[in-house]
$ cat input-v2.csv   # CSV, C-alpha atoms
chain,number,residue,atom,x,y,z
A,1,MET,CA,30.7,-2.3,34.5
A,2,PRO,CA,30.8,-5.4,32.2
A,3,SER,CA,31.0,-8.8,33.9
A,4,LYS,CA,34.3,-10.6,33.9
A,5,ARG,CA,32.5,-13.9,33.4
A,6,PHE,CA,32.6,-13.6,29.6
A,7,GLU,CA,35.7,-11.5,29.4
A,8,ASN,CA,37.7,-14.1,27.6
A,9,CYS,CA,34.9,-15.3,25.3
A,10,PRO,CA,35.5,-14.3,21.6
A,11,PRO,CA,32.6,-13.2,19.4
A,12,ALA,CA,30.7,-16.0,17.8
A,13,SER,CA,31.3,-16.4,14.1
A,14,LEU,CA,28.6,-15.4,11.6
A,15,TRP,CA,28.5,-19.1,10.5
A,16,ARG,CA,27.8,-20.3,14.1
A,17,GLN,CA,25.0,-17.7,14.4
A,18,LEU,CA,23.4,-18.8,11.1
A,19,ALA,CA,23.7,-22.5,11.9
A,20,ALA,CA,22.0,-21.8,15.3
A,21,MET,CA,19.3,-20.0,13.4
A,22,VAL,CA,18.7,-23.0,11.2
A,23,TYR,CA,18.4,-25.3,14.2
A,24,ASP,CA,16.0,-22.9,15.9
A,25,SER,CA,13.9,-22.5,12.7
A,26,PHE,CA,12.8,-26.2,13.1
A,27,LEU,CA,11.6,-25.4,16.6
A,28,ILE,CA,9.9,-22.2,15.4
A,29,VAL,CA,8.0,-24.0,12.7
A,30,ALA,CA,6.8,-26.6,15.2
A,31,LEU,CA,5.8,-23.8,17.6
A,32,LEU,CA,4.0,-21.9,14.8
A,33,PHE,CA,2.0,-25.1,13.9
A,34,PHE,CA,0.9,-25.3,17.5
A,35,ALA,CA,0.0,-21.6,17.6
A,36,PHE,CA,-1.9,-21.9,14.4
A,37,ALA,CA,-3.8,-24.9,15.9
A,38,ILE,CA,-4.9,-22.7,18.8
A,39,LEU,CA,-6.1,-20.0,16.4
A,40,VAL,CA,-8.1,-22.6,14.5
A,41,ALA,CA,-9.6,-24.0,17.7
A,42,PHE,CA,-10.7,-20.5,18.8
A,43,ASN,CA,-12.2,-20.0,15.3
A,44,ARG,CA,-14.5,-23.0,15.8
A,45,GLY,CA,-12.4,-25.2,13.5
A,46,GLU,CA,-12.7,-22.9,10.5
A,47,ALA,CA,-9.7,-21.7,8.6
A,48,VAL,CA,-8.2,-18.4,9.8
A,49,GLU,CA,-8.1,-15.6,7.3
A,50,PRO,CA,-4.8,-13.9,7.2
A,51,ASN,CA,-5.0,-10.5,8.8
A,52,LEU,CA,-3.0,-8.1,10.9
A,53,ALA,CA,-4.1,-9.6,14.2
A,54,TYR,CA,-3.2,-13.1,13.0
A,55,THR,CA,0.2,-12.0,11.8
A,56,LEU,CA,0.9,-10.1,15.1
A,57,PHE,CA,-0.1,-13.1,17.1
A,58,LEU,CA,2.3,-15.4,15.3
A,59,LEU,CA,5.1,-12.7,15.5
A,60,PHE,CA,4.4,-12.5,19.2
A,61,VAL,CA,4.8,-16.3,19.5
A,62,VAL,CA,8.2,-16.2,17.8
A,63,PHE,CA,9.4,-13.1,19.8
A,64,THR,CA,8.4,-14.7,23.0
A,65,PHE,CA,10.2,-17.9,22.1
A,66,TYR,CA,13.5,-16.1,21.7
A,67,ALA,CA,13.0,-13.6,24.5
A,68,TRP,CA,12.2,-16.4,27.0
A,69,PHE,CA,15.2,-18.5,26.1
A,70,TRP,CA,17.5,-15.4,26.1
A,71,HIS,CA,16.3,-14.1,29.4
A,72,LYS,CA,16.3,-17.5,31.1
A,73,SER,CA,19.7,-18.9,30.0
A,74,GLY,CA,21.1,-16.6,27.3
A,75,GLN,CA,20.8,-19.5,24.7
A,76,THR,CA,18.1,-21.0,22.5
A,77,LEU,CA,18.5,-24.7,21.9
A,78,GLY,CA,20.2,-24.0,18.6
A,79,MET,CA,22.6,-21.6,20.3
A,80,SER,CA,23.4,-24.2,22.9
A,81,ALA,CA,24.2,-26.8,20.2
A,82,TRP,CA,26.6,-24.4,18.5
A,83,LYS,CA,28.1,-23.2,21.8
A,84,ILE,CA,27.1,-19.5,21.5
A,85,ARG,CA,25.2,-17.3,23.8
A,86,ILE,CA,23.8,-13.8,24.0
A,87,VAL,CA,24.9,-11.5,26.7
A,88,SER,CA,24.0,-7.9,27.5
A,89,GLU,CA,26.7,-5.2,27.6
A,90,PHE,CA,26.8,-5.8,31.3
A,91,GLY,CA,27.6,-9.5,30.9
A,92,GLY,CA,24.3,-11.0,32.1
A,93,ASN,CA,21.3,-12.5,30.2
A,94,PRO,CA,19.3,-9.9,28.4
A,95,SER,CA,16.0,-8.7,29.9
A,96,TRP,CA,12.7,-9.4,28.3
A,97,ALA,CA,12.5,-5.9,27.0
A,98,VAL,CA,16.0,-6.1,25.5
A,99,GLY,CA,15.1,-9.4,23.9
A,100,TYR,CA,12.1,-8.0,22.2
A,101,LEU,CA,14.0,-4.9,21.1
A,102,ARG,CA,16.8,-7.0,19.7
A,103,LEU,CA,14.3,-9.0,17.6
A,104,LEU,CA,12.7,-5.8,16.3
A,105,PHE,CA,16.1,-4.6,15.3
A,106,ALA,CA,16.8,-8.0,13.7
A,107,LEU,CA,13.8,-7.5,11.5
A,108,LEU,CA,15.3,-4.3,10.4
A,109,SER,CA,18.5,-6.1,9.6
A,110,TRP,CA,16.6,-8.6,7.5
A,111,ALA,CA,14.5,-5.9,5.8
A,112,CYS,CA,17.8,-4.4,4.5
A,113,LEU,CA,18.4,-7.6,2.5
A,114,GLY,CA,20.2,-9.1,5.4
A,115,LEU,CA,22.8,-6.4,5.4
A,116,GLY,CA,22.6,-6.1,9.2
A,117,TYR,CA,23.7,-9.8,9.5
A,118,TRP,CA,26.4,-9.7,6.8
A,119,TRP,CA,27.9,-6.7,8.7
A,120,ARG,CA,29.4,-9.4,10.9
A,121,LEU,CA,31.9,-10.2,8.2
A,122,PHE,CA,33.5,-6.8,8.9
A,123,LYS,CA,32.7,-6.1,12.5
A,124,PRO,CA,32.4,-8.2,15.6
A,125,TYR,CA,28.6,-7.5,15.9
A,126,THR,CA,25.4,-7.3,13.8
A,127,TRP,CA,23.3,-4.2,13.6
A,128,HIS,CA,20.8,-5.6,16.1
A,129,ASP,CA,23.6,-6.5,18.5
A,130,ARG,CA,24.8,-2.9,18.4
A,131,LEU,CA,21.4,-1.3,18.7
A,132,SER,CA,20.2,-3.6,21.5
A,133,GLN,CA,23.6,-3.5,23.3
A,134,THR,CA,24.0,-7.2,23.3
A,135,ARG,CA,26.7,-9.5,22.0
A,136,ILE,CA,26.8,-13.1,20.7
A,137,LEU,CA,29.8,-14.9,22.1
A,138,TYR,CA,31.4,-18.3,21.5
A,139,VAL,CA,31.3,-20.1,24.9
A,140,LYS,CA,33.6,-23.1,24.9
A,141,SER,CA,32.7,-25.6,27.6
A,142,ALA,CA,35.3,-27.2,29.9
A,143,ALA,CA,34.6,-30.5,28.1
A,144,ASP,CA,36.0,-29.0,24.9
A,145,ASP,CA,39.4,-28.5,26.4
A,146,PRO,CA,42.0,-31.2,25.7
A,147,PRO,CA,42.9,-33.3,28.7
A,148,PRO,CA,46.0,-32.3,30.6
A,149,ALA,CA,49.2,-34.0,29.6
A,150,PRO,CA,50.3,-36.7,32.0
A,151,HIS,CA,53.1,-35.7,34.3
A,152,ASP,CA,56.4,-37.5,33.9
A,153,VAL,CA,57.2,-39.5,37.0

$ encode --input "input-v2.csv" --output "structure tokens"
Amino acid sequence: MPSKRFENCPPASLWRQLAAMVYDSFLIVALLFFAFAILVAFNRGEAVEPNLAYTLFLLFVVFTFYAWFWHKSGQTLGMSAWKIRIVSEFGGNPSWAVGYLRLLFALLSWACLGLGYWWRLFKPYTWHDRLSQTRILYVKSAADDPPPAPHDV
């Protein structure tokens, strides 16, 4: 049974999702620089030749970044800035496994020339939302509400 906690939260707009992805991409680039530095250190300071293991390691770093944030709080830093969050069909934060699956399905969405993302223009979900049974919701904070009108005395 879905949680009532997010019952009144509308789906996040595609533009909010894309803006959050841009914010997160800066963090991902920094994280990948750090991961690459670790690879170089383990390679005795020599340049690392691109190969399947190298690519899989960097992909693992990116997947773990997203899965950790989603499992921990339902939001990456970019998602927090744009007031969106990911929830499972049951209303809670996605599990690690669901996070990794969602990212695999997101790669499929990108592989189809981004069609899985642009699907959001017509439906309230992306392909990877649907396949992983998650949703991206707009979560307005209490600070966003206008102050109550003063009562007439």

$ residues_around --input "input-v2.csv" --residues "segment 77-90 of chain A" --least-positions-apart "6" --cutoff "12 Å" --atoms "all atoms listed in the file" --output "short mmCIF file (atom, residue, chain, number, x, y, z; two decimals) with C-alpha atoms, keeping the file's coordinate frame"
data_model
loop_
_atom_site.label_atom_id
_atom_site.label_comp_id
_atom_site.auth_asym_id
_atom_site.auth_seq_id
_atom_site.Cartn_x
_atom_site.Cartn_y
_atom_site.Cartn_z
CA MET A 1 30.70 -2.30 34.50
CA PRO A 2 30.80 -5.40 32.20
CA SER A 3 31.00 -8.80 33.90
CA LYS A 4 34.30 -10.60 33.90
CA ARG A 5 32.50 -13.90 33.40
CA PHE A 6 32.60 -13.60 29.60
CA GLU A 7 35.70 -11.50 29.40
CA CYS A 9 34.90 -15.30 25.30
CA PRO A 10 35.50 -14.30 21.60
CA PRO A 11 32.60 -13.20 19.40
CA ALA A 12 30.70 -16.00 17.80
CA SER A 13 31.30 -16.40 14.10
CA LEU A 14 28.60 -15.40 11.60
CA TRP A 15 28.50 -19.10 10.50
CA ARG A 16 27.80 -20.30 14.10
CA GLN A 17 25.00 -17.70 14.40
CA LEU A 18 23.40 -18.80 11.10
CA ALA A 19 23.70 -22.50 11.90
CA ALA A 20 22.00 -21.80 15.30
CA MET A 21 19.30 -20.00 13.40
CA VAL A 22 18.70 -23.00 11.20
CA TYR A 23 18.40 -25.30 14.20
CA ASP A 24 16.00 -22.90 15.90
CA SER A 25 13.90 -22.50 12.70
CA PHE A 26 12.80 -26.20 13.10
CA LEU A 27 11.60 -25.40 16.60
CA ILE A 28 9.90 -22.20 15.40
CA PHE A 65 10.20 -17.90 22.10
CA TYR A 66 13.50 -16.10 21.70
CA ALA A 67 13.00 -13.60 24.50
CA TRP A 68 12.20 -16.40 27.00
CA PHE A 69 15.20 -18.50 26.10
CA TRP A 70 17.50 -15.40 26.10
CA HIS A 71 16.30 -14.10 29.40
CA TRP A 96 12.70 -9.40 28.30
CA ALA A 97 12.50 -5.90 27.00
CA VAL A 98 16.00 -6.10 25.50
CA GLY A 99 15.10 -9.40 23.90
CA ARG A 102 16.80 -7.00 19.70
CA TYR A 125 28.60 -7.50 15.90
CA HIS A 128 20.80 -5.60 16.10
CA ASP A 129 23.60 -6.50 18.50
CA ARG A 130 24.80 -2.90 18.40
CA LEU A 131 21.40 -1.30 18.70
CA SER A 132 20.20 -3.60 21.50
CA GLN A 133 23.60 -3.50 23.30
CA THR A 134 24.00 -7.20 23.30
CA ARG A 135 26.70 -9.50 22.00
CA ILE A 136 26.80 -13.10 20.70
CA LEU A 137 29.80 -14.90 22.10
CA TYR A 138 31.40 -18.30 21.50
CA VAL A 139 31.30 -20.10 24.90
CA LYS A 140 33.60 -23.10 24.90
CA SER A 141 32.70 -25.60 27.60
CA ALA A 142 35.30 -27.20 29.90
CA ALA A 143 34.60 -30.50 28.10
CA ASP A 144 36.00 -29.00 24.90
#

$ closest_residue --input "input-v2.csv" --among "A:Gln75, A:Asn43, A:Asn51, A:Thr126" --to "Pro94 of chain A" --atoms "only C-alpha atoms"
A:Gln75

$ closest_residue --input "input-v2.csv" --among "A:Ser73, A:Leu52, A:Leu101, A:Leu58" --to "Leu39 of chain A" --atoms "all atoms listed in the file"
A:Leu58

$ closest_residue --input "input-v2.csv" --among "A:Lys72, A:Ala30, A:Ala35, A:Val40" --to "Leu56 of chain A" --atoms "all atoms listed in the file"
A:Ala35

$ closest_residue --input "input-v2.csv" --among "A:Arg44, A:Leu103, A:Ile38, A:Ser95" --to "Leu59 of chain A" --atoms "only C-alpha atoms"
A:Leu103

$ closest_residue --input "input-v2.csv" --among "A:Pro124, A:Phe36, A:Gly74, A:Ala41" --to "Phe57 of chain A" --atoms "all atoms listed in the file"
A:Phe36

$ decode --input "input-v2.csv" --residues "segment 88-117 of chain A" --atoms "N, CA and C atoms" --output "CSV table (one decimal), in the first residue's frame"
chain,number,residue,atom,x,y,z
A,88,SER,N,9.9,5.2,-3.9
A,88,SER,CA,9.4,3.9,-4.5
A,88,SER,C,7.9,3.9,-4.6
A,89,GLU,N,7.4,3.0,-5.2
A,89,GLU,CA,5.9,2.9,-5.4
A,89,GLU,C,5.2,2.8,-4.0
A,90,PHE,N,6.0,2.4,-3.0
A,90,PHE,CA,5.4,2.3,-1.7
A,90,PHE,C,5.6,3.5,-0.8
A,91,GLY,N,6.2,4.5,-1.4
A,91,GLY,CA,6.3,5.8,-0.7
A,91,GLY,C,7.6,6.0,0.1
A,92,GLY,N,8.5,5.1,0.2
A,92,GLY,CA,9.7,5.2,0.9
A,92,GLY,C,10.9,5.5,0.0
A,93,ASN,N,12.0,5.6,0.5
A,93,ASN,CA,13.2,5.8,-0.3
A,93,ASN,C,13.5,4.4,-1.0
A,94,PRO,N,14.0,4.5,-2.2
A,94,PRO,CA,14.3,3.2,-2.9
A,94,PRO,C,15.5,2.5,-2.2
A,95,SER,N,15.4,1.2,-2.3
A,95,SER,CA,16.5,0.3,-1.8
A,95,SER,C,17.7,0.5,-2.7
A,96,TRP,N,18.9,0.0,-2.2
A,96,TRP,CA,20.1,0.0,-3.1
A,96,TRP,C,19.8,-0.7,-4.4
A,97,ALA,N,19.2,-1.9,-4.3
A,97,ALA,CA,19.0,-2.6,-5.6
A,97,ALA,C,18.1,-1.9,-6.5
A,98,VAL,N,17.1,-1.2,-6.0
A,98,VAL,CA,16.2,-0.4,-6.9
A,98,VAL,C,16.9,0.7,-7.5
A,99,GLY,N,17.8,1.4,-6.7
A,99,GLY,CA,18.6,2.5,-7.2
A,99,GLY,C,19.5,2.0,-8.3
A,100,TYR,N,20.2,0.9,-8.2
A,100,TYR,CA,21.1,0.4,-9.2
A,100,TYR,C,20.2,0.0,-10.5
A,101,LEU,N,19.1,-0.6,-10.3
A,101,LEU,CA,18.2,-1.0,-11.4
A,101,LEU,C,17.7,0.3,-12.1
A,102,ARG,N,17.3,1.3,-11.4
A,102,ARG,CA,16.8,2.5,-12.0
A,102,ARG,C,17.9,3.1,-12.9
A,103,LEU,N,19.2,3.1,-12.4
A,103,LEU,CA,20.2,3.6,-13.2
A,103,LEU,C,20.5,2.8,-14.4
A,104,LEU,N,20.4,1.5,-14.4
A,104,LEU,CA,20.6,0.7,-15.6
A,104,LEU,C,19.5,1.0,-16.6
A,105,PHE,N,18.3,1.2,-16.1
A,105,PHE,CA,17.2,1.5,-17.0
A,105,PHE,C,17.3,3.0,-17.5
A,106,ALA,N,17.9,3.9,-16.7
A,106,ALA,CA,18.2,5.2,-17.2
A,106,ALA,C,19.2,5.2,-18.4
A,107,LEU,N,20.2,4.3,-18.3
A,107,LEU,CA,21.1,4.1,-19.4
A,107,LEU,C,20.4,3.7,-20.7
A,108,LEU,N,19.4,2.8,-20.5
A,108,LEU,CA,18.6,2.4,-21.6
A,108,LEU,C,17.8,3.6,-22.2
A,109,SER,N,17.3,4.5,-21.3
A,109,SER,CA,16.6,5.7,-21.7
A,109,SER,C,17.5,6.6,-22.5
A,110,TRP,N,18.7,6.8,-22.1
A,110,TRP,CA,19.7,7.6,-22.8
A,110,TRP,C,20.1,6.9,-24.2
A,111,ALA,N,20.2,5.6,-24.1
A,111,ALA,CA,20.7,4.9,-25.3
A,111,ALA,C,19.7,5.0,-26.5
A,112,CYS,N,18.4,5.3,-26.1
A,112,CYS,CA,17.4,5.5,-27.1
A,112,CYS,C,17.3,7.0,-27.5
A,113,LEU,N,18.4,7.7,-27.6
A,113,LEU,CA,18.5,9.1,-27.9
A,113,LEU,C,17.7,10.0,-26.9
A,114,GLY,N,17.7,9.5,-25.6
A,114,GLY,CA,17.0,10.3,-24.6
A,114,GLY,C,15.5,10.1,-24.6
A,115,LEU,N,15.0,9.3,-25.4
A,115,LEU,CA,13.5,9.2,-25.6
A,115,LEU,C,12.9,8.8,-24.2
A,116,GLY,N,13.5,8.0,-23.4
A,116,GLY,CA,13.0,7.6,-22.1
A,116,GLY,C,12.8,8.8,-21.2
A,117,TYR,N,13.6,9.8,-21.4
A,117,TYR,CA,13.4,11.1,-20.6
A,117,TYR,C,12.4,12.0,-21.2
